[in-house]
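Below is one structure, written out as structure tokens; comments come after it.
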Protein chains: 2
Amino acid sequence: MMRSIGQALLAPTLILCAALCALPWSADALAAPAAPAADARVGERLATAGQLPRVPACASCHGADGMGGAAFPRLAGTGAGYLSAQLAALAGGGRDNAVMSPIAKALSDEERSAVALYYSRLPARALEAPQGHDAGAWLAARGHWSADIPQCSQCHGPAGQGVGESFPPLAGLPTAYIEAQLTAWQKGERPAGPLALMQAVAKRMQPQEIAAAAQYYGAFAAPGMTTPAVPVAQTAPAPAASAATSGSVAPTAVASGAATTFQPPSAHAIPDTEMGKVIRQGEQIFLHTGTAAKAYVGNRLTCVNCHLDAGRLPNAAPMWGAYGMYPAYRSKTKEVDDFANRLRGCFMYSMNGKAPPYGSAELVALETYSYWMAHGAPTGEKLPGAGYLKLSAPQQPPDSVRGRAVYDQHCALCHGADGQGQRVGGAQAFPPLWGSQSYNWGAGMTAVNTAAGFIKANMPYGLGGTLTDQQAWDVAQFMDGHERPQDPRFDGNVASTRKKFHDSRYSLYGTMVDGRLLGE
Amino acid sequence: MMRSIGQALLAPTLILCAALCALPWSADALAAPAAPAADARVGERLATAGQLPRVPACASCHGADGMGGAAFPRLAGTGAGYLSAQLAALAGGGRDNAVMSPIAKALSDEERSAVALYYSRLPARALEAPQGHDAGAWLAARGHWSADIPQCSQCHGPAGQGVGESFPPLAGLPTAYIEAQLTAWQKGERPAGPLALMQAVAKRMQPQEIAAAAQYYGAFAAPGMTTPAVPVAQTAPAPAASAATSGSVAPTAVASGAATTFQPPSAHAIPDTEMGKVIRQGEQIFLHTGTAAKAYVGNRLTCVNCHLDAGRLPNAAPMWGAYGMYPAYRSKTKEVDDFANRLRGCFMYSMNGKAPPYGSAELVALETYSYWMAHGAPTGEKLPGAGYLKLSAPQQPPDSVRGRAVYDQHCALCHGADGQGQRVGGAQAFPPLWGSQSYNWGAGMTAVNTAAGFIKANMPYGLGGTLTDQQAWDVAQFMDGHERPQDPRFDGNVASTRKKFHDSRYSLYGTMVDGRLLGE
């Protein structure tokens, strides 16, 4: 779906002001250079002046502030790793471009790294999301999970500002440029990227979805300068095949793609009533737990870290699958818990916080949101896709050494080499998997079998089902073999706390891992 | 279904001990004589000595203690009104009996009343319910509502001890006698009785149900003397047509009799698990609210007074119909209430008590019982028969003068001329409809339209649907035009409390009725 060149009307707003301020060459900023060792001053020279006739100044097309313009992508604030990889690809690594390929080839490895480092440190101007781009905004914020398309914002940041080394900003990229890249991935005309993730996602996108996302991100602009949506037929709501996320409230199971599972109503269908207000409040708590239910959250996780697609995704403990299964007797609590109390448990353990009081606005809102998503589900009957995937016992016992290798290859891209996830703009972009900001030892995810089932079905994000069962078991063993906050039920003694609450071969609490007693 | 005369083996146990203790001729006991004016001493003489040759002593067949024996029914402790009516019927009023009819005819009106009064005051020996009569015990305690058969215990007392003037004891009556009476009603060989209620109920009973009920009540005996159940094929669980109350857990709607409504699982199907224990606890609270949830009840009502058939009956606010409709925004509370909070409201208003805390055993048990009954019901969808019947607006405005006439004719039999219901053995047999022991002004039943719908569908008990709509409206207006406990939300001023909470043409709170400001 080609976009009119007229879309480049955004460009002038993007180069209005040049960010010529001094760059913060702090020790921190230097801490994560791309290999080979790069000299930012070399990069600055190439970017601003070039080395004619061999290399023109990057700024001549990408702007003095690196914010791009017309058909040229912004570079400022983009991860050095990503920029280096693109220059290498343009130099002959699978990404051809009439303008850039000759330039990239003319640069040495060191020069490419230097330019990448320079632009990664160039501060990006703040851009604002546009209004009225509903289809694109929806894809950006929520994705289209029934077609296995994650929300763009998960990897590219909540404001499309990019995350870390590998996930470039999307906000303010020219619409035509975004469209061209997504189309190139579909055609195999661009390297598949880390984990081949972006290629996989691009291939699942319909032309109108590509257009909608590109138009949305292309319309980000300086505050007060956002342009109105351009009415384009292709940005209409998602096609019929994606009824589940586009507005249908049909409560019955429908065939959608591969699986036939319960179809919760779309967030589009939340009514404009008093009830709807509470449903929306619940949705916001679900999506932004740490801010919308701040008093009860003790770490940097949100509900959607484990309950994907805003609590809708089958095999990611969807809320429509949980709501109708309570009250239930739970071996964990040795009592019958109603749904409200089950939610309270999430806050105590998975969120390492404290339980919202019964009847509190937060708890009732989460109940209401879940209830609303379960509309039409038969009370008390377990639905296909409820809970997490149950994996068979692994062929080989789960092994954290193999698991570490799986982690480094498939997980560290997002969760970081240290498992602490990644932050952007003061918010958590990718969740920490262990340590003080992750779920505590009372959480269900500390059970290796639960974690393995979750990982197998859902990880890497957007690539669920690609790991082998054994890989999922191994990496779960690795993940859950790290220290994390104490179980709130801790009785002062790890051994007896294990006996009381963790007496399972799937819990590593109270066991020795790498010479350390977990839970101590 | 004829019962073997061998069933009379119970008789010897019934006449083991003669209760010759002095009778309590208190002023209270004399306060409710049957008309015409009766002389208990005349009655005693006839009962113990007769007046031969005209009248043999009643005791010669019915026992010195009046507890009956062999094929002869007990008379002791039976309501004088009932006994008088039977003697009149036997004297030529539609009940023929080879032995009793000549005797009854030989008695004057005054003598019949005197004998009736004597036996009504003769204390009944305590009898114990038998073990192992499951089908009969079930009918006695729960009825078979899908065939419109109420539980015997509602009118004949929780221990079959009889209630008031009109509902005779069943416990310890000879099995063959009970069977014969039920069969006589079916054949029109016995007067239909007050409101023709018992004839209507008897006609709905299957032969095996008659046998089971008769065998159960016939097996009541002195403490320690109850006989084991006699295995009889006819006392097997209710037939297939009554799956709803005999053990099926089929969650789907099935055609049963006239209506096709949701079929909740039978109490037979409560599992023997930890979950089952809590379901049972909830059921007990539901059935015996004042004892099983004593701390939270402030009057003499129980849940089943308004939620018939243990919360199962369509159009009597069945719990399976309510469970799946919460959380919901309620104009009453101006907020979204979850199901637990909705239940709390019942305690505050209908039970004139206080709300069980969230998470309390009582509240969770009631939630769990309701959830379990809703098994398979689609979440969030209103089911046919949920809530109370909605009546169209009446042709004539509801009128409490007409309503009083309806009340006297159709309601006073059970609820008493004063609306205070009837008690037996320290327990409430029929619920009070107004006054200090009834629901308070915050209850939904104070809305005349709600009460009218409930009454139309369900009253008189066992004769639902027999009143005209106008009668239901009128008697609801009469009932709700009485004083009752204050609305707990009372702000100190009736007018402003009405404005805040009762500003409806269906509420009589804050209006003048019979020269009295209701709610003051």
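Please note that chains go A, B, ... in the order of the structure tokens, that every chain numbers its residues from 1, and that ligands are numbered from 1 in the order shown.
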
**Request:** May I ask you to extract the residues of chain A within 7 Å of chain B, using only C-alpha atoms, and to give them as a PyMOL selection string?
**Result:** chain A and resi 274-275+327-329+336+338+358+364+368+374-381

**Message:** as an MDAnalysis selection string, please: the residues near segment 397-414 of chain B (cut-off 6 Å, only C-alpha atoms, same-chain neighbours under 6 positions excluded).
**Reply:** chainID B and resid 473:475 477:478

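Our summary of the geometry notes that atom CA of Arg125 of chain B is positioned 27.5 Å from atom CA of Ala184 of chain B.
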
**Asked** Leaving out Leu308 of chain B and any residue of its chain fewer than 2 positions from it, which residues lie within 12 Å of it when counting only C-alpha atoms, given as number ranges by chain?
**Response** B: 142-146, 148-151, 154, 286-287, 302-306, 310-319, 387-388, 454-455, 457-459, 461-462, 464

So that I have them on file, write out the residues from the current selection with N, CA and C atoms, as a compact mmCIF listing (two decimals), in the first residue's frame.
# COMPACT_ATOMS: atom_id res chain seq x y z
N ARG B 142 -37.23 -30.11 50.96
CA ARG B 142 -36.93 -29.28 49.80
C ARG B 142 -38.03 -29.25 48.75
N GLY B 143 -38.90 -30.24 48.77
CA GLY B 143 -39.92 -30.31 47.74
C GLY B 143 -39.35 -30.72 46.40
N HIS B 144 -40.16 -30.54 45.41
CA HIS B 144 -39.77 -30.91 44.04
C HIS B 144 -40.36 -29.81 43.16
N TRP B 145 -39.61 -28.70 43.20
CA TRP B 145 -40.16 -27.47 42.66
C TRP B 145 -40.33 -27.47 41.16
N SER B 146 -39.56 -28.28 40.47
CA SER B 146 -39.75 -28.28 39.02
C SER B 146 -41.09 -28.90 38.67
N ASP B 148 -43.53 -28.15 40.83
CA ASP B 148 -44.37 -27.22 41.60
C ASP B 148 -44.83 -27.81 42.92
N ILE B 149 -44.04 -28.70 43.47
CA ILE B 149 -44.36 -29.30 44.76
C ILE B 149 -43.47 -28.65 45.82
N PRO B 150 -44.07 -27.85 46.72
CA PRO B 150 -43.24 -27.24 47.78
C PRO B 150 -42.83 -28.30 48.80
N GLN B 151 -41.81 -27.98 49.55
CA GLN B 151 -41.41 -28.86 50.64
C GLN B 151 -42.52 -28.92 51.69
N GLN B 154 -42.47 -26.56 54.88
CA GLN B 154 -42.79 -25.13 54.89
C GLN B 154 -44.09 -24.88 55.66
N PHE B 286 -28.19 -20.10 53.59
CA PHE B 286 -29.31 -19.72 52.76
C PHE B 286 -30.63 -20.22 53.33
N LEU B 287 -30.61 -21.46 53.81
CA LEU B 287 -31.83 -22.08 54.32
C LEU B 287 -32.16 -21.63 55.74
N THR B 302 -35.51 -15.55 56.47
CA THR B 302 -34.38 -16.30 55.93
C THR B 302 -34.32 -16.02 54.43
N CYS B 303 -33.18 -16.33 53.84
CA CYS B 303 -33.02 -16.10 52.40
C CYS B 303 -34.16 -16.73 51.60
N VAL B 304 -34.53 -17.96 52.01
CA VAL B 304 -35.51 -18.69 51.19
C VAL B 304 -36.92 -18.13 51.27
N ASN B 305 -37.17 -17.19 52.15
CA ASN B 305 -38.49 -16.57 52.16
C ASN B 305 -38.76 -15.86 50.84
N CYS B 306 -37.75 -15.28 50.28
CA CYS B 306 -37.92 -14.57 49.00
C CYS B 306 -37.31 -15.33 47.83
N ALA B 310 -34.69 -22.99 47.78
CA ALA B 310 -33.28 -22.84 48.15
C ALA B 310 -32.51 -21.99 47.15
N GLY B 311 -33.22 -21.02 46.57
CA GLY B 311 -32.55 -20.11 45.64
C GLY B 311 -32.56 -20.59 44.21
N ARG B 312 -33.41 -21.58 43.92
CA ARG B 312 -33.42 -22.15 42.57
C ARG B 312 -34.62 -21.72 41.73
N LEU B 313 -35.71 -21.31 42.36
CA LEU B 313 -36.96 -21.17 41.61
C LEU B 313 -36.93 -19.96 40.67
N PRO B 314 -37.22 -20.18 39.38
CA PRO B 314 -37.32 -19.05 38.46
C PRO B 314 -38.37 -18.06 38.95
N ASN B 315 -38.16 -16.81 38.66
CA ASN B 315 -39.07 -15.72 39.04
C ASN B 315 -39.17 -15.52 40.55
N ALA B 316 -38.31 -16.17 41.30
CA ALA B 316 -38.20 -15.90 42.73
C ALA B 316 -36.74 -15.52 43.01
N ALA B 317 -36.23 -14.65 42.16
CA ALA B 317 -34.85 -14.17 42.28
C ALA B 317 -33.87 -15.31 42.54
N PRO B 318 -33.83 -16.28 41.62
CA PRO B 318 -32.92 -17.42 41.82
C PRO B 318 -31.46 -16.97 41.83
N MET B 319 -30.65 -17.62 42.65
CA MET B 319 -29.26 -17.20 42.76
C MET B 319 -28.48 -17.48 41.49
N GLY B 387 -34.36 -12.87 38.59
CA GLY B 387 -35.06 -11.78 39.28
C GLY B 387 -36.50 -12.16 39.58
N TYR B 388 -37.31 -11.13 39.73
CA TYR B 388 -38.74 -11.36 39.98
C TYR B 388 -39.53 -11.09 38.72
N PHE B 454 -43.34 -10.55 42.75
CA PHE B 454 -43.02 -11.71 43.57
C PHE B 454 -44.29 -12.45 43.96
N ILE B 455 -45.28 -11.72 44.41
CA ILE B 455 -46.52 -12.33 44.88
C ILE B 455 -47.25 -13.03 43.74
N ALA B 457 -46.12 -14.35 41.06
CA ALA B 457 -45.47 -15.59 40.60
C ALA B 457 -45.46 -16.67 41.67
N ASN B 458 -45.44 -16.27 42.93
CA ASN B 458 -45.10 -17.25 43.95
C ASN B 458 -46.09 -17.45 45.09
N MET B 459 -47.08 -16.57 45.19
CA MET B 459 -47.96 -16.64 46.35
C MET B 459 -49.38 -16.94 45.93
N TYR B 461 -47.97 -19.63 48.63
CA TYR B 461 -46.90 -20.63 48.51
C TYR B 461 -47.48 -21.94 47.95
N GLY B 462 -46.94 -22.35 46.84
CA GLY B 462 -47.45 -23.57 46.21
C GLY B 462 -48.60 -23.31 45.25
N GLY B 464 -48.54 -20.35 43.20
CA GLY B 464 -48.10 -19.22 42.40
C GLY B 464 -48.89 -19.12 41.11

**Message:** Residues near Gly519 of chain A, anyone? I mean within 8 Å using only C-alpha atoms, not counting same-chain ones fewer than 6 positions away, as JSON, numbers by chain.
**Reply:** {"A": [441, 483, 484, 485, 486, 487, 494, 509, 510]}

Please list as a PDB file with N, CA and C atoms, in the first residue's frame every residue within 6 Å of Ala80 of chain B, counting only C-alpha atoms and excluding residues in the same chain fewer than 5 positions away.
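Output file part.pdb is given in full below:
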ATOM      1  N   ALA B 116     -61.909 -31.091  69.517  1.00  0.00           N
ATOM      2  CA  ALA B 116     -60.784 -30.498  68.767  1.00  0.00           C
ATOM      3  C   ALA B 116     -59.915 -29.660  69.695  1.00  0.00           C
ATOM      4  N   LEU B 117     -60.547 -28.877  70.523  1.00  0.00           N
ATOM      5  CA  LEU B 117     -59.774 -28.035  71.441  1.00  0.00           C
ATOM      6  C   LEU B 117     -58.949 -28.900  72.402  1.00  0.00           C
ATOM      7  N   SER B 120     -56.021 -30.363  70.589  1.00  0.00           N
ATOM      8  CA  SER B 120     -55.037 -29.351  70.160  1.00  0.00           C
ATOM      9  C   SER B 120     -54.130 -28.953  71.312  1.00  0.00           C
ATOM     10  N   GLU B 165     -53.224 -23.335  63.538  1.00  0.00           N
ATOM     11  CA  GLU B 165     -54.556 -23.928  63.495  1.00  0.00           C
ATOM     12  C   GLU B 165     -54.770 -24.863  62.316  1.00  0.00           C
TER      13      GLU B 165
END

**Prompt:** Quick one: residues within 6 Å of segment 57-68 of chain B, only C-alpha atoms counted, chain neighbours fewer than 4 positions away excluded, as number ranges by chain?
**Reply:** B: 18-19, 46-50, 72-76

Would you export the selected residues with C-alpha atoms as a PDB file, in the first residue's frame, please?
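This is the output file selection_9.pdb:
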ATOM      1  CA  ALA B  18     -48.594 -42.194  77.432  1.00  0.00           C
ATOM      2  CA  ALA B  19     -48.253 -38.511  78.096  1.00  0.00           C
ATOM      3  CA  LEU B  46     -65.532 -37.373  75.116  1.00  0.00           C
ATOM      4  CA  ALA B  47     -61.933 -38.141  74.274  1.00  0.00           C
ATOM      5  CA  THR B  48     -61.128 -40.236  77.288  1.00  0.00           C
ATOM      6  CA  ALA B  49     -64.499 -41.848  78.118  1.00  0.00           C
ATOM      7  CA  GLY B  50     -66.814 -41.173  75.204  1.00  0.00           C
ATOM      8  CA  PHE B  72     -54.975 -44.269  63.400  1.00  0.00           C
ATOM      9  CA  PRO B  73     -53.625 -40.734  63.081  1.00  0.00           C
ATOM     10  CA  ARG B  74     -52.253 -38.794  65.982  1.00  0.00           C
ATOM     11  CA  LEU B  75     -54.400 -35.951  67.208  1.00  0.00           C
ATOM     12  CA  ALA B  76     -52.279 -34.559  70.025  1.00  0.00           C
TER      13      ALA B  76
END

Write down as a CSV table (one decimal) with C-alpha atoms, in the first residue's frame the residues of segment 139-179 of chain A whose backbone DSSP state falls under strand (DSSP E or B).
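Printed below is selection-v9.csv as written:
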chain,number,residue,atom,x,y,z
A,144,HIS,CA,-4.0,-7.2,16.8
A,149,ILE,CA,0.5,-9.0,15.9
A,163,VAL,CA,13.9,1.4,23.6
A,167,PHE,CA,14.4,-1.0,19.1

**Item:** Nearest-residue call for Gly282 of chain A, choices A:Lys499, A:Ala267, A:Ala211, A:Ser153, using only C-alpha atoms
**Value:** A:Ala267

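Taking atom CA of Met479 of chain A as the reference point, atom CA of His307 of chain A is found at 18.2 Å.
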
**Message:** List the spatial neighbours of Glu111 of chain A as number ranges by chain - criterion: any atom at most 12 Å away, only C-alpha atoms, same-chain residues fewer than 2 positions off excluded.
**Reply:** A: 34-47, 50-51, 55, 83-84, 87-88, 103-109, 113-118

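What separates atom CA of Phe490 of chain B from atom CA of Arg344 of chain B is a distance of 17.8 Å.
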
**Message:** Write out as an MDAnalysis selection string the set of residues from segment 28-143 of chain B that DSSP, computed on the backbone, places in helix (DSSP H, G or I).
**Reply:** chainID B and resid 40:48 59:62 80:93 100:106 109:121 134:142

Residues of segment 438-458 of chain A that have any atom at most 8 Å from an atom of segment 503-508 of chain A: could you tabulate them with the shortest-distance atom pair and the distance in Å to one decimal, using only C-alpha atoms, ordered by chain and increasing number, as JSON lines?
{"residue": "A:Thr446", "atom": "CA", "partner": "A:Ser507", "partner_atom": "CA", "distance": 6.4}
{"residue": "A:Ala447", "atom": "CA", "partner": "A:Ser507", "partner_atom": "CA", "distance": 5.0}
{"residue": "A:Val448", "atom": "CA", "partner": "A:Tyr506", "partner_atom": "CA", "distance": 5.0}
{"residue": "A:Asn449", "atom": "CA", "partner": "A:Tyr506", "partner_atom": "CA", "distance": 6.1}
